[in-house]
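Enquirer: Structure file work03.tsv, TSV, C-alpha atoms, is pasted below:
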chain	number	residue	atom	x	y	z
A	28	MET	CA	-19.33	60.45	75.25
A	29	ASN	CA	-20.74	58.01	72.73
A	30	LEU	CA	-23.11	60.30	70.84
A	31	GLU	CA	-24.61	57.47	68.82
A	32	ASP	CA	-25.74	55.69	71.98
A	33	LEU	CA	-27.11	58.94	73.41
A	34	GLU	CA	-29.08	59.46	70.21
A	35	LEU	CA	-30.55	55.96	70.49
A	36	LEU	CA	-31.48	56.43	74.14
A	37	HIS	CA	-33.12	59.78	73.33
A	38	HIS	CA	-35.12	58.15	70.54
A	39	TYR	CA	-36.22	55.36	72.87
A	40	THR	CA	-37.35	57.70	75.68
A	41	THR	CA	-39.20	60.06	73.34
A	42	LYS	CA	-40.67	57.70	70.73
A	43	THR	CA	-39.97	53.97	70.91
A	44	TYR	CA	-41.37	53.39	74.40
A	45	GLN	CA	-44.81	54.48	73.15
A	46	THR	CA	-44.90	51.51	70.76
A	47	LEU	CA	-44.40	48.75	73.34
A	48	SER	CA	-47.86	48.69	74.92
A	49	ASN	CA	-51.37	50.01	74.42
A	50	ASN	CA	-51.88	50.22	78.19
A	51	ASN	CA	-51.28	53.69	79.70
A	52	GLU	CA	-49.92	52.34	82.97
A	53	HIS	CA	-47.54	50.02	81.13
A	54	GLU	CA	-46.43	52.85	78.85
A	55	GLU	CA	-45.26	54.86	81.85
A	56	ILE	CA	-43.18	51.89	83.03
A	57	TRP	CA	-41.54	51.49	79.60
A	58	LYS	CA	-40.79	55.24	79.50
A	59	ASN	CA	-39.33	55.81	82.97
A	60	VAL	CA	-38.93	52.72	85.15
A	61	ILE	CA	-37.27	50.39	82.68
A	62	PRO	CA	-34.64	52.92	81.45
A	63	GLU	CA	-33.76	53.56	85.13
A	64	GLU	CA	-33.29	49.82	85.60
A	65	ALA	CA	-31.23	49.69	82.38
A	66	ILE	CA	-28.70	52.17	83.79
A	67	LYS	CA	-27.82	49.53	86.42
A	68	HIS	CA	-27.91	46.55	84.02
A	69	PRO	CA	-26.05	46.95	80.70
A	70	PHE	CA	-27.76	43.98	78.99
A	71	LEU	CA	-31.12	45.75	79.35
A	72	MET	CA	-29.68	49.05	78.12
A	73	HIS	CA	-28.24	47.32	75.04
A	74	GLY	CA	-31.68	45.81	74.38
A	75	LEU	CA	-33.38	49.22	74.52
A	76	LEU	CA	-30.76	50.75	72.23
A	77	ALA	CA	-31.04	47.88	69.73
A	78	LEU	CA	-34.81	48.36	69.50
A	79	ALA	CA	-34.43	52.14	69.17
A	80	ALA	CA	-32.01	51.67	66.26
A	81	LEU	CA	-34.51	49.43	64.49
A	82	HIS	CA	-37.27	51.96	65.15
A	83	ILE	CA	-35.19	54.75	63.61
A	84	ILE	CA	-34.89	52.66	60.43
A	85	GLU	CA	-38.67	52.26	60.44
A	86	CYS	CA	-39.18	56.01	60.81
A	87	HIS	CA	-37.06	56.85	57.76
A	88	ASP	CA	-37.45	56.37	54.02
A	89	PRO	CA	-37.05	52.62	53.32
A	90	ASP	CA	-34.96	53.49	50.26
A	91	ASP	CA	-32.41	55.43	52.34
A	92	SER	CA	-29.69	52.80	52.24
A	93	GLU	CA	-27.24	54.90	54.28
A	94	ILE	CA	-29.65	55.17	57.22
A	95	ARG	CA	-30.51	51.48	56.99
A	96	ARG	CA	-26.86	50.45	56.88
A	97	LYS	CA	-25.83	52.68	59.81
A	98	TYR	CA	-28.65	51.79	62.18
A	99	SER	CA	-28.75	48.12	61.22
A	100	ALA	CA	-25.11	47.91	62.28
A	101	LEU	CA	-25.91	49.66	65.57
A	102	ALA	CA	-28.91	47.42	66.20
A	103	ASN	CA	-26.87	44.27	65.58
A	104	LYS	CA	-24.03	45.50	67.79
A	105	HIS	CA	-26.31	46.23	70.72
A	106	GLN	CA	-28.35	43.06	70.22
A	107	ASN	CA	-25.21	40.92	70.29
A	108	LEU	CA	-23.94	42.68	73.41
A	109	ALA	CA	-27.34	42.34	75.07
A	110	LEU	CA	-27.69	38.62	74.43
A	111	ALA	CA	-24.09	37.84	75.38
A	112	THR	CA	-24.58	39.38	78.82
A	113	PHE	CA	-28.24	38.40	79.26
A	114	ARG	CA	-27.83	34.62	79.01
A	115	PRO	CA	-25.60	34.29	82.10
A	116	GLU	CA	-28.05	36.48	84.06
A	117	LEU	CA	-30.98	34.30	82.99
A	118	ASN	CA	-29.19	31.31	84.48
A	119	ASN	CA	-28.52	33.13	87.75
A	120	ILE	CA	-31.63	35.11	88.68
A	121	THR	CA	-31.25	36.99	91.97
A	122	PRO	CA	-33.26	39.60	93.90
A	123	SER	CA	-30.96	42.30	92.50
A	124	ASN	CA	-31.24	41.40	88.80
A	125	CYS	CA	-34.71	39.82	88.54
A	126	HIS	CA	-36.47	43.06	87.53
A	127	ALA	CA	-33.98	43.81	84.76
A	128	VAL	CA	-34.03	40.20	83.54
A	129	PHE	CA	-37.82	40.26	83.44
A	130	ALA	CA	-37.82	43.60	81.58
A	131	PHE	CA	-35.43	42.26	78.96
A	132	SER	CA	-37.44	39.05	78.65
A	133	SER	CA	-40.51	41.19	77.99
A	134	LEU	CA	-38.57	43.16	75.36
A	135	ILE	CA	-37.47	40.04	73.51
A	136	ALA	CA	-40.68	39.67	71.50
A	137	ALA	CA	-40.46	43.18	70.03
A	138	LEU	CA	-36.75	42.71	69.30
A	139	ALA	CA	-37.25	39.34	67.65
A	140	PHE	CA	-40.08	40.55	65.41
A	141	ALA	CA	-38.34	43.84	64.60
A	142	PHE	CA	-35.11	42.11	63.55
A	143	SER	CA	-37.05	39.68	61.41
A	144	ARG	CA	-38.91	42.59	59.80
A	145	SER	CA	-35.67	44.52	59.24
A	146	GLU	CA	-33.88	41.57	57.62
A	147	ARG	CA	-36.83	40.49	55.48
A	148	SER	CA	-36.01	42.89	52.66
A	149	SER	CA	-32.31	42.01	52.55
A	150	GLN	CA	-32.28	38.22	52.79
A	151	PRO	CA	-34.75	35.36	52.46
A	152	ALA	CA	-35.85	34.01	55.82
A	153	ASP	CA	-37.20	30.71	57.06
A	154	HIS	CA	-40.13	32.21	58.92
A	155	ILE	CA	-41.17	28.94	60.57
A	156	GLU	CA	-37.69	28.36	61.95
A	157	GLN	CA	-37.58	31.99	63.09
A	158	ALA	CA	-40.93	31.60	64.85
A	159	VAL	CA	-39.76	28.51	66.72
A	160	GLN	CA	-36.58	30.29	67.80
A	161	ASP	CA	-38.65	33.26	68.97
A	162	PHE	CA	-41.00	30.98	70.92
A	163	TYR	CA	-38.07	29.47	72.81
A	164	LEU	CA	-36.94	32.99	73.69
A	165	PHE	CA	-40.42	34.00	74.88
A	166	ARG	CA	-40.48	31.01	77.20
A	167	GLY	CA	-37.61	32.62	79.08
A	168	VAL	CA	-40.20	35.03	80.48
A	169	ASP	CA	-41.96	32.12	82.16
A	170	LYS	CA	-38.70	31.00	83.71
A	171	VAL	CA	-38.13	34.46	85.18
A	172	LEU	CA	-41.65	34.76	86.54
A	173	HIS	CA	-41.54	31.38	88.25
A	174	ALA	CA	-38.17	32.10	89.83
A	175	GLN	CA	-39.00	35.52	91.31
A	176	TRP	CA	-42.77	35.90	90.88
A	177	SER	CA	-43.58	37.43	94.28
A	178	ARG	CA	-40.68	39.89	94.11
A	179	ILE	CA	-41.50	41.05	90.57
A	180	ILE	CA	-45.24	41.44	91.13
A	181	LYS	CA	-44.62	43.59	94.22
A	182	GLY	CA	-41.94	45.70	92.53
A	183	LYS	CA	-41.91	48.63	90.12
A	184	LEU	CA	-42.62	46.37	87.14
A	185	GLY	CA	-45.52	44.60	88.86
A	186	ALA	CA	-48.15	46.28	86.71
A	187	LEU	CA	-46.75	44.45	83.66
A	188	VAL	CA	-47.73	41.09	85.15
A	189	ARG	CA	-50.68	41.90	87.40
A	190	ARG	CA	-53.99	41.05	85.79
A	191	PRO	CA	-57.09	43.25	86.14
A	192	ALA	CA	-59.71	41.92	88.55
A	193	ASP	CA	-62.05	40.95	85.71
A	194	SER	CA	-59.37	39.26	83.57
A	195	SER	CA	-60.31	35.77	84.75
A	196	ALA	CA	-63.54	36.01	82.76
A	197	ALA	CA	-63.16	34.46	79.32
A	198	TYR	CA	-63.73	36.76	76.35
A	199	PRO	CA	-66.82	35.51	74.48
A	200	LEU	CA	-65.84	33.68	71.31
A	201	SER	CA	-67.79	34.03	68.08
A	202	LYS	CA	-69.52	30.96	66.66
A	203	ASP	CA	-67.06	31.14	63.75
A	204	VAL	CA	-64.05	30.77	66.05
A	205	ILE	CA	-65.69	28.00	68.09
A	206	ASP	CA	-66.70	26.03	65.01
A	207	ASN	CA	-63.25	26.20	63.46
A	208	LEU	CA	-61.42	25.26	66.65
A	209	ASP	CA	-63.83	22.34	67.12
A	210	TYR	CA	-63.16	21.26	63.54
A	211	LEU	CA	-59.41	21.52	64.13
A	212	HIS	CA	-59.76	19.33	67.22
A	213	SER	CA	-61.84	16.77	65.32
A	214	CYS	CA	-59.22	16.57	62.55
A	215	ASN	CA	-56.78	15.43	65.21
A	216	GLY	CA	-59.26	12.87	66.53
A	217	GLU	CA	-59.73	9.15	66.12
A	218	SER	CA	-60.13	9.38	62.35
A	219	ALA	CA	-56.55	10.70	62.04
A	220	ALA	CA	-55.06	7.21	62.10
A	221	HIS	CA	-51.87	8.41	60.41
A	222	ILE	CA	-50.93	10.51	63.47
A	223	PRO	CA	-49.27	8.58	66.36
A	224	ALA	CA	-51.17	8.68	69.66
A	225	GLU	CA	-48.36	10.49	71.45
A	226	GLU	CA	-48.36	13.26	68.83
A	227	LYS	CA	-52.15	13.53	69.01
A	228	ALA	CA	-51.95	14.19	72.74
A	229	ILE	CA	-49.41	16.98	72.15
A	230	TYR	CA	-51.58	18.54	69.43
A	231	ASN	CA	-54.70	18.33	71.60
A	232	HIS	CA	-52.85	20.16	74.35
A	233	ALA	CA	-51.72	22.86	71.90
A	234	ILE	CA	-55.29	23.25	70.55
A	235	ARG	CA	-56.75	23.57	74.07
A	236	GLU	CA	-54.24	26.30	74.87
A	237	LEU	CA	-55.04	27.97	71.55
A	238	ARG	CA	-58.73	28.15	72.49
A	239	MET	CA	-57.81	29.72	75.83
A	240	SER	CA	-55.64	32.28	74.04
A	241	PHE	CA	-58.52	33.17	71.71
A	242	GLU	CA	-60.53	33.82	74.89
A	243	ARG	CA	-58.13	36.58	75.94
A	244	CYS	CA	-59.27	40.11	75.18
A	245	PRO	CA	-58.25	40.92	71.56
A	246	SER	CA	-57.11	44.42	72.52
A	247	ASN	CA	-54.57	43.07	75.02
A	248	TRP	CA	-51.24	42.86	73.16
A	249	GLU	CA	-49.57	40.93	75.96
A	250	GLY	CA	-52.12	38.13	75.53
A	251	VAL	CA	-50.72	37.38	72.07
A	252	PHE	CA	-47.59	35.90	73.64
A	253	ARG	CA	-49.42	33.56	76.00
A	254	TRP	CA	-49.73	30.61	73.59
A	255	PRO	CA	-46.04	30.24	72.65
A	256	MET	CA	-45.18	30.19	76.36
A	257	VAL	CA	-47.70	27.53	77.43
A	258	VAL	CA	-47.73	25.00	74.57
A	259	PRO	CA	-45.91	21.77	75.48
A	260	GLU	CA	-42.25	21.92	74.53
A	261	PRO	CA	-42.44	18.73	72.40
A	262	TYR	CA	-44.87	20.64	70.15
A	263	LEU	CA	-42.05	23.04	69.23
A	264	GLY	CA	-39.96	20.02	68.26
A	265	LEU	CA	-42.76	18.82	65.98
A	266	LEU	CA	-42.84	22.28	64.41
A	267	ASN	CA	-39.11	22.11	63.84
A	268	THR	CA	-39.57	18.89	61.84
A	269	ARG	CA	-42.46	20.44	59.89
A	270	LYS	CA	-45.11	17.94	60.99
A	271	PRO	CA	-48.28	18.90	59.04
A	272	MET	CA	-50.68	19.04	62.01
A	273	ALA	CA	-48.18	21.12	63.99
A	274	LEU	CA	-48.04	23.59	61.07
A	275	VAL	CA	-51.85	23.65	60.78
A	276	ILE	CA	-52.18	24.60	64.46
A	277	LEU	CA	-49.52	27.31	64.05
A	278	GLY	CA	-51.50	28.61	61.08
A	279	HIS	CA	-54.50	29.10	63.39
A	280	TYR	CA	-52.29	30.92	65.90
A	281	CYS	CA	-51.49	33.42	63.12
A	282	VAL	CA	-55.02	34.78	63.60
A	283	ILE	CA	-54.09	35.78	67.16
A	284	LEU	CA	-50.69	37.02	66.02
A	285	SER	CA	-52.37	39.32	63.49
A	286	ARG	CA	-53.67	41.41	66.44
A	287	LEU	CA	-50.18	42.95	66.50
A	288	ASP	CA	-50.32	44.17	62.90
A	289	MET	CA	-50.77	47.73	64.15
A	290	CYS	CA	-47.30	47.62	65.77
A	291	TRP	CA	-44.34	48.70	63.62
A	292	TRP	CA	-42.20	45.91	65.03
A	293	SER	CA	-44.60	43.12	64.04
A	294	GLU	CA	-46.61	44.53	61.14
A	295	GLY	CA	-47.10	41.85	58.48
A	296	TRP	CA	-45.34	39.13	60.52
A	297	SER	CA	-48.50	37.02	60.82
A	298	GLN	CA	-49.00	37.06	57.04
A	299	HIS	CA	-45.38	36.17	56.24
A	300	LEU	CA	-45.46	33.33	58.76
A	301	PHE	CA	-48.77	32.01	57.46
A	302	GLU	CA	-47.59	32.12	53.85
A	303	ALA	CA	-44.51	30.06	54.84
A	304	ILE	CA	-46.80	27.56	56.60
A	305	TYR	CA	-49.13	27.30	53.60
A	306	LYS	CA	-46.26	26.69	51.18
A	307	SER	CA	-44.81	24.02	53.49
A	308	LEU	CA	-48.05	22.05	53.61
A	309	HIS	CA	-48.94	19.39	51.07
A	310	PRO	CA	-52.07	20.46	49.11
A	311	SER	CA	-54.05	17.72	50.89
A	312	TRP	CA	-53.50	19.53	54.22
A	313	ARG	CA	-54.26	23.04	53.03
A	314	THR	CA	-58.02	22.64	53.40
A	315	LEU	CA	-57.42	22.69	57.18
A	316	VAL	CA	-56.05	26.24	57.09
A	317	GLN	CA	-58.70	27.87	54.91
A	318	TRP	CA	-60.27	29.67	57.87
A	319	PRO	CA	-57.10	31.32	59.23
A	320	MET	CA	-56.09	32.17	55.65
A	321	GLN	CA	-59.37	34.02	55.23
A	322	MET	CA	-59.15	35.69	58.65
A	323	ILE	CA	-55.76	37.26	57.97
A	324	GLY	CA	-56.66	38.27	54.42
A	325	LEU	CA	-54.54	35.96	52.28
A	326	SER	CA	-57.20	33.96	50.41
A	327	GLU	CA	-56.73	35.71	47.08
A	328	GLN	CA	-52.94	35.99	47.36
A	329	LEU	CA	-52.43	32.27	48.04
A	330	ALA	CA	-55.24	30.88	45.87
A	331	HIS	CA	-52.99	30.06	42.91
A	332	ILE	CA	-50.02	28.52	44.75
A	333	PRO	CA	-49.53	24.95	43.44
Transcribe the structure of this file into structure tokens.
Expert:
Amino acid sequence: MNLEDLELLHHYTTKTYQTLSNNNEHEEIWKNVIPEEAIKHPFLMHGLLALAALHIIECHDPDDSEIRRKYSALANKHQNLALATFRPELNNITPSNCHAVFAFSSLIAALAFAFSRSERSSQPADHIEQAVQDFYLFRGVDKVLHAQWSRIIKGKLGALVRRPADSSAAYPLSKDVIDNLDYLHSCNGESAAHIPAEEKAIYNHAIRELRMSFERCPSNWEGVFRWPMVVPEPYLGLLNTRKPMALVILGHYCVILSRLDMCWWSEGWSQHLFEAIYKSLHPSWRTLVQWPMQMIGLSEQLAHIP
């Protein structure tokens, strides 16, 4: 028997599963249903074990280099095995693998954030590039849902995608949020002559989707991942080339992302990403991100950056 893997699975089924949702019904699925599915699909099992290894690091003294070294190696091993076997499955979704593929797709966000958090102390990271890579991964969830939507929603994992009856009602936005989103939209308007018309259309689309994401209930963790999955794909390309307006919009998304700061796997991610955005912007653009900077508590920390 591989005792290391058994240790990781035990940690997942006793501790890690509790950190993947704040919904009691979803928690039960992460505890029992998904591990059962993982027994039949190794890529999903490797994903669970990778996350458990990262969680063990989080639960120990950060200065314990031996623990960090051991479980970082295990996490990387299982992550590499998971991704190597997951990609072919993603390209060939069938009735027999669709539930496991969807489960792994749903796990990707926690894995991506947790790896970024784990590596942050050991090597400098390009947080914007990492965010774009993560967004492309999240969009795999959409692909799965479209391919096997009816089968997944009727299956054991259906509760993860079924919306409550009252979820169609928009969450009331504060005047502060409305005013700042309106201002963001106006900055991309006719007066922004330096932005090509085609780019403006992409940014307007991203801002509209951002408003709709702000209208999701703040206590719903799953709602945080809506925006990266619905923004137009060309927007991600503009982010990759560090277009200022694309970065400004991403800075506003950090306010939504900060809702996950209570999760070990994403704590502080919104602040690190926003700081990278702020430093990438020319000072003439930074006035457009004053509101999100204030909302996520970085006004004092970034005030003296040249």
Enquirer: Box for segment 277-283 of chain A - axis-aligned, 4 Å on each of the six sides, all listed atoms - centre and size in Å to one decimal, as AutoDock Vina command-line options.
Expert:
--center_x -52.3 --center_y 31.5 --center_z 64.1 --size_x 13.5 --size_y 16.5 --size_z 14.1
Enquirer: Find the distance between atom CA of Asn51 of chain A and atom CA of Ala130 of chain A and write it in Å to one decimal.
Expert: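 Atom CA of Asn51 of chain A sits 16.9 Å away from atom CA of Ala130 of chain A.
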Enquirer: Residues near Asn119 of chain A, anyone? I mean within 12 Å using only C-alpha atoms, not counting same-chain ones fewer than 4 positions away, as a list of chain:residue names.
Expert: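 Final neighbour list, sorted by chain and number: A:Thr112, A:Phe113, A:Arg114, A:Pro115, A:Ser123, A:Asn124, A:Cys125, A:Val128, A:Lys170, A:Val171, A:Ala174, A:Gln175.
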Enquirer: Taking 3 positions as the minimum chain separation for residues in the same chain, which residues sit within 12 Å of Arg95 of chain A when counting only C-alpha atoms? Answer as an NGL selection string.
Expert: :A and (80-92 or 98-103 or 145-146 or 148-149)
Enquirer: As a PyMOL selection string, please: the residues near Ala127 of chain A (cut-off 7 Å, only C-alpha atoms, same-chain neighbours under 5 positions excluded).
Expert: chain A and resi 64-65+68+71
Enquirer: Given the selection you just returned, output its residues as a file containing C-alpha atoms, formatted as a PDB file, in the frame of the given file.
Expert:
ATOM      1  CA  GLU A  64     -33.290  49.820  85.600  1.00  0.00           C
ATOM      2  CA  ALA A  65     -31.230  49.690  82.380  1.00  0.00           C
ATOM      3  CA  HIS A  68     -27.910  46.550  84.020  1.00  0.00           C
ATOM      4  CA  LEU A  71     -31.120  45.750  79.350  1.00  0.00           C
TER       5      LEU A  71
END
Enquirer: Go through A:Cys214, A:Leu117, A:Ile56, A:Ile135 and flag the residue nearest His73 of chain A, using only C-alpha atoms for the distances.
Expert: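 Closest residue, counting only C-alpha atoms: A:Ile135.
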